[in-house]
Amino acid sequence: MKRALIRTLSALLALLLLCGCTGARAPTPTPSPTPGVSASPQPSVTSTSDPTQPSASPAVSNSAPATTAPSAAVTHTAAPQPVATPRPAPTSAPVHHHSYTSVVTPPSCTTQGYTTYTCACGAHYQDHVAAALGHSFGAWVTIVVPTASSSGTKVRTCTRCGAQESATISPVFDPNSVASQVVNLVNQERAKAGLSPLTAVGNLHSYAQTRSTELVSVFDHVRPDGSNPLTSVFNLGSYSTAGENIAMGYSSAQTVMDGWMNSPGHRANILNANFTSIGVGCYNYNGVLYWTQIFAG
């Protein structure tokens with residue numbers, strides 16, 4: 001651009017020199033402004049019309065318009081601005097309403113019943129709770145038969161769920177077997193004391209068994225009719241002395257004998273040297289054993 005400007009000024013200066021012959025000042029062309037390009041003011045040279053006068057020093061004109069060399073037009077293109085996308089108007093969230101389906105779980109013998117309500121969103125709850133039904137058992141069935149020396153087993157089955165319940169059956173109660181065990185234990189104790197053994201007598205056994213049944217209603221040394229139980233002993237034989245031991249709740253011959261031997265009054269009858277005969281009775285009433293010993297001599 002500087003070279004172009006210098007060439008332009010040189011051309012103007014030559015033109016002024018040519019025009020100086022007539023004493024007229026050539027008009028300074030006014031260049032068209034070029035957008036975006038400007039030039040600093042340059043000195044302008046003038047001459048007088050009198051050729052005989054020495055030339056004046058060049059004057060600097062600050063008012064002369066600036067000249068510029070023609071240049072290519074510069075086009076400014078604005079950068080594309082982003083197009084704003086309008087935001088959609090805010091919308092409220094949809095409201096969820098539960099829609100439940102129900103599943104009924106019926107009660108069983110041991111668990112409660114209930115209804116479960118479930119929504120597709122996962123929410124759920126239970127309602128209509130029903131109590132467990134409990135077992136409904138049938139009759140007992142014996143699967144192991146008891147004997148006099150061993151227990152048996154019985155079972156019963158729930159008619160709804162099939163659950164089973166078992167129970168033990170006590171050994172078969174044999175009064176004669178129990179009586180024999182007691183007599184043997186009595187004689188063992190008498191032997192320890194240096195006494196002769198007692199003889200088991202049938203009618204005394206029978207009477208002792210009767211007395212055991214009477215003890216269910218009157219547990220005392222008095223018969224239900226109020227009479228003395230030993231009076232009947234003398235009618236069973238030619239006896240001049242008699243005695244009676246009673247007990248209840250003991251489960252075996254050994255345990256009842258231990259109870260009697262630990263009681264001074266009962267022990268005295270067992271170890272009485274005047275007794276020669278014995279009868280023993282045992283009665284089972286609703287699982288409770290009632291015991292009787294009848295002594296005579």
# chains A, B, ... in the order shown; residues from 1 in each chain; ligands from 1
$ select_by_dssp --residues "segment 136-256 of chain A" --states "strand (DSSP E)" --output "ChimeraX atom specification"
/A:141-144,152-157,164-169,199-200,242-248
$ write_last_selection --atoms "C-alpha atoms" --output "mmCIF file, in the first residue's frame"
data_model
loop_
_atom_site.group_PDB
_atom_site.id
_atom_site.type_symbol
_atom_site.label_atom_id
_atom_site.label_comp_id
_atom_site.auth_asym_id
_atom_site.auth_seq_id
_atom_site.Cartn_x
_atom_site.Cartn_y
_atom_site.Cartn_z
ATOM 1 C CA VAL A 141 -54.193 -95.797 65.986
ATOM 2 C CA THR A 142 -51.941 -98.165 67.961
ATOM 3 C CA ILE A 143 -48.768 -99.031 66.054
ATOM 4 C CA VAL A 144 -46.825 -100.647 68.928
ATOM 5 C CA GLY A 152 -46.566 -99.029 73.330
ATOM 6 C CA THR A 153 -46.987 -96.246 70.735
ATOM 7 C CA LYS A 154 -50.060 -94.717 69.155
ATOM 8 C CA VAL A 155 -50.467 -92.100 66.384
ATOM 9 C CA ARG A 156 -53.215 -89.946 64.962
ATOM 10 C CA THR A 157 -53.314 -88.067 61.637
ATOM 11 C CA GLN A 164 -49.119 -86.889 62.563
ATOM 12 C CA GLU A 165 -48.979 -86.817 66.332
ATOM 13 C CA SER A 166 -47.660 -89.692 68.418
ATOM 14 C CA ALA A 167 -48.034 -90.661 72.061
ATOM 15 C CA THR A 168 -46.719 -93.335 74.365
ATOM 16 C CA ILE A 169 -48.987 -96.036 75.716
ATOM 17 C CA THR A 199 -47.045 -115.244 102.784
ATOM 18 C CA ALA A 200 -49.222 -113.874 99.962
ATOM 19 C CA ALA A 242 -54.116 -106.687 111.201
ATOM 20 C CA GLY A 243 -52.740 -103.569 109.574
ATOM 21 C CA GLU A 244 -53.155 -101.454 106.430
ATOM 22 C CA ASN A 245 -50.874 -99.236 104.321
ATOM 23 C CA ILE A 246 -52.315 -97.020 101.511
ATOM 24 C CA ALA A 247 -50.746 -94.730 98.875
ATOM 25 C CA MET A 248 -51.620 -92.961 95.606
#
$ residues_around --residues "Pro229 of chain A" --least-positions-apart "4" --cutoff "9 Å" --atoms "only C-alpha atoms" --output "list in words"
Arg211, His221, Val222, Arg223, Val233 and Glu244 of chain A
$ write_last_selection --atoms "C-alpha atoms" --output "short mmCIF file (atom, residue, chain, number, x, y, z; two decimals), in the first residue's frame"
data_model
loop_
_atom_site.label_atom_id
_atom_site.label_comp_id
_atom_site.auth_asym_id
_atom_site.auth_seq_id
_atom_site.Cartn_x
_atom_site.Cartn_y
_atom_site.Cartn_z
CA ARG A 211 -59.80 -101.22 99.15
CA HIS A 221 -58.26 -95.57 106.58
CA VAL A 222 -62.04 -95.51 106.58
CA ARG A 223 -64.30 -97.31 104.14
CA VAL A 233 -59.73 -108.68 107.70
CA GLU A 244 -53.15 -101.45 106.43
#
$ closest_residue --among "A:Ser170, A:Ser177, A:Thr147, A:Ser212" --to "Gly281 of chain A" --atoms "only C-alpha atoms"
A:Ser212
$ atom_distance --atom1 "atom CA of Ser108 of chain A" --atom2 "atom CA of Gly122 of chain A"
26.9 Å
$ closest_residue --among "A:Leu215, A:Cys282, A:Leu236, A:Ala273" --to "Ser251 of chain A" --atoms "only C-alpha atoms"
A:Cys282
$ atom_distance --atom1 "atom CA of Tyr285 of chain A" --atom2 "atom CA of Ser180 of chain A"
20.0 Å
$ atom_distance --atom1 "atom CA of Ala179 of chain A" --atom2 "atom CA of Asn235 of chain A"
21.7 Å
$ residues_around --residues "Thr110 of chain A" --least-positions-apart "6" --cutoff "10 Å" --atoms "only C-alpha atoms" --output "PyMOL selection string"
chain A and resi 131-135+161
$ decode --residues "segment 140-160 of chain A" --atoms "N, CA, C and O atoms" --output "PDB file, in the first residue's frame"
ATOM      1  N   TRP A 140     -56.978 -92.161  67.390  1.00  0.00           N
ATOM      2  CA  TRP A 140     -55.672 -92.757  67.663  1.00  0.00           C
ATOM      3  C   TRP A 140     -55.605 -94.157  67.066  1.00  0.00           C
ATOM      4  O   TRP A 140     -56.582 -94.901  67.096  1.00  0.00           O
ATOM      5  N   VAL A 141     -54.435 -94.464  66.534  1.00  0.00           N
ATOM      6  CA  VAL A 141     -54.193 -95.797  65.986  1.00  0.00           C
ATOM      7  C   VAL A 141     -52.944 -96.356  66.664  1.00  0.00           C
ATOM      8  O   VAL A 141     -51.889 -95.715  66.658  1.00  0.00           O
ATOM      9  N   THR A 142     -53.076 -97.545  67.273  1.00  0.00           N
ATOM     10  CA  THR A 142     -51.941 -98.165  67.961  1.00  0.00           C
ATOM     11  C   THR A 142     -51.015 -98.820  66.951  1.00  0.00           C
ATOM     12  O   THR A 142     -51.448 -99.648  66.147  1.00  0.00           O
ATOM     13  N   ILE A 143     -49.733 -98.429  66.983  1.00  0.00           N
ATOM     14  CA  ILE A 143     -48.768 -99.031  66.054  1.00  0.00           C
ATOM     15  C   ILE A 143     -47.783 -99.943  66.790  1.00  0.00           C
ATOM     16  O   ILE A 143     -47.168-100.805  66.165  1.00  0.00           O
ATOM     17  N   VAL A 144     -47.631 -99.736  68.107  1.00  0.00           N
ATOM     18  CA  VAL A 144     -46.825-100.647  68.928  1.00  0.00           C
ATOM     19  C   VAL A 144     -47.661-101.023  70.145  1.00  0.00           C
ATOM     20  O   VAL A 144     -48.025-100.167  70.953  1.00  0.00           O
ATOM     21  N   VAL A 145     -47.990-102.296  70.258  1.00  0.00           N
ATOM     22  CA  VAL A 145     -48.854-102.760  71.340  1.00  0.00           C
ATOM     23  C   VAL A 145     -48.052-102.839  72.645  1.00  0.00           C
ATOM     24  O   VAL A 145     -46.969-103.441  72.677  1.00  0.00           O
ATOM     25  N   PRO A 146     -48.567-102.247  73.723  1.00  0.00           N
ATOM     26  CA  PRO A 146     -47.833-102.318  74.998  1.00  0.00           C
ATOM     27  C   PRO A 146     -47.981-103.688  75.654  1.00  0.00           C
ATOM     28  O   PRO A 146     -48.925-104.427  75.378  1.00  0.00           O
ATOM     29  N   THR A 147     -47.045-103.992  76.492  1.00  0.00           N
ATOM     30  CA  THR A 147     -47.109-105.226  77.283  1.00  0.00           C
ATOM     31  C   THR A 147     -46.978-104.840  78.752  1.00  0.00           C
ATOM     32  O   THR A 147     -46.888-103.661  79.101  1.00  0.00           O
ATOM     33  N   ALA A 148     -46.961-105.847  79.621  1.00  0.00           N
ATOM     34  CA  ALA A 148     -46.823-105.565  81.050  1.00  0.00           C
ATOM     35  C   ALA A 148     -45.444-105.002  81.374  1.00  0.00           C
ATOM     36  O   ALA A 148     -45.267-104.320  82.391  1.00  0.00           O
ATOM     37  N   SER A 149     -44.470-105.263  80.507  1.00  0.00           N
ATOM     38  CA  SER A 149     -43.106-104.813  80.790  1.00  0.00           C
ATOM     39  C   SER A 149     -42.586-103.723  79.851  1.00  0.00           C
ATOM     40  O   SER A 149     -41.475-103.243  80.028  1.00  0.00           O
ATOM     41  N   SER A 150     -43.373-103.361  78.831  1.00  0.00           N
ATOM     42  CA  SER A 150     -42.904-102.340  77.889  1.00  0.00           C
ATOM     43  C   SER A 150     -44.052-101.444  77.436  1.00  0.00           C
ATOM     44  O   SER A 150     -45.210-101.874  77.392  1.00  0.00           O
ATOM     45  N   SER A 151     -43.699-100.223  77.076  1.00  0.00           N
ATOM     46  CA  SER A 151     -44.692 -99.254  76.615  1.00  0.00           C
ATOM     47  C   SER A 151     -45.037 -99.495  75.151  1.00  0.00           C
ATOM     48  O   SER A 151     -44.284-100.132  74.413  1.00  0.00           O
ATOM     49  N   GLY A 152     -46.148 -98.965  74.725  1.00  0.00           N
ATOM     50  CA  GLY A 152     -46.566 -99.029  73.330  1.00  0.00           C
ATOM     51  C   GLY A 152     -46.571 -97.626  72.726  1.00  0.00           C
ATOM     52  O   GLY A 152     -46.261 -96.635  73.390  1.00  0.00           O
ATOM     53  N   THR A 153     -46.942 -97.533  71.445  1.00  0.00           N
ATOM     54  CA  THR A 153     -46.987 -96.246  70.735  1.00  0.00           C
ATOM     55  C   THR A 153     -48.270 -96.155  69.930  1.00  0.00           C
ATOM     56  O   THR A 153     -48.680 -97.123  69.297  1.00  0.00           O
ATOM     57  N   LYS A 154     -48.872 -94.965  69.953  1.00  0.00           N
ATOM     58  CA  LYS A 154     -50.060 -94.717  69.155  1.00  0.00           C
ATOM     59  C   LYS A 154     -49.888 -93.415  68.385  1.00  0.00           C
ATOM     60  O   LYS A 154     -49.140 -92.526  68.795  1.00  0.00           O
ATOM     61  N   VAL A 155     -50.562 -93.301  67.218  1.00  0.00           N
ATOM     62  CA  VAL A 155     -50.467 -92.100  66.384  1.00  0.00           C
ATOM     63  C   VAL A 155     -51.864 -91.707  65.934  1.00  0.00           C
ATOM     64  O   VAL A 155     -52.778 -92.537  65.884  1.00  0.00           O
ATOM     65  N   ARG A 156     -51.997 -90.434  65.592  1.00  0.00           N
ATOM     66  CA  ARG A 156     -53.215 -89.946  64.962  1.00  0.00           C
ATOM     67  C   ARG A 156     -52.822 -88.944  63.878  1.00  0.00           C
ATOM     68  O   ARG A 156     -51.786 -88.286  63.969  1.00  0.00           O
ATOM     69  N   THR A 157     -53.650 -88.841  62.835  1.00  0.00           N
ATOM     70  CA  THR A 157     -53.314 -88.067  61.637  1.00  0.00           C
ATOM     71  C   THR A 157     -54.326 -86.968  61.410  1.00  0.00           C
ATOM     72  O   THR A 157     -55.540 -87.175  61.575  1.00  0.00           O
ATOM     73  N   CYS A 158     -53.809 -85.769  61.008  1.00  0.00           N
ATOM     74  CA  CYS A 158     -54.696 -84.645  60.698  1.00  0.00           C
ATOM     75  C   CYS A 158     -55.406 -84.929  59.377  1.00  0.00           C
ATOM     76  O   CYS A 158     -54.784 -85.321  58.391  1.00  0.00           O
ATOM     77  N   THR A 159     -56.700 -84.715  59.349  1.00  0.00           N
ATOM     78  CA  THR A 159     -57.490 -84.999  58.155  1.00  0.00           C
ATOM     79  C   THR A 159     -57.317 -83.935  57.074  1.00  0.00           C
ATOM     80  O   THR A 159     -57.699 -84.158  55.932  1.00  0.00           O
ATOM     81  N   ARG A 160     -56.734 -82.775  57.437  1.00  0.00           N
ATOM     82  CA  ARG A 160     -56.545 -81.706  56.456  1.00  0.00           C
ATOM     83  C   ARG A 160     -55.158 -81.718  55.824  1.00  0.00           C
ATOM     84  O   ARG A 160     -55.008 -81.666  54.609  1.00  0.00           O
TER      85      ARG A 160
END
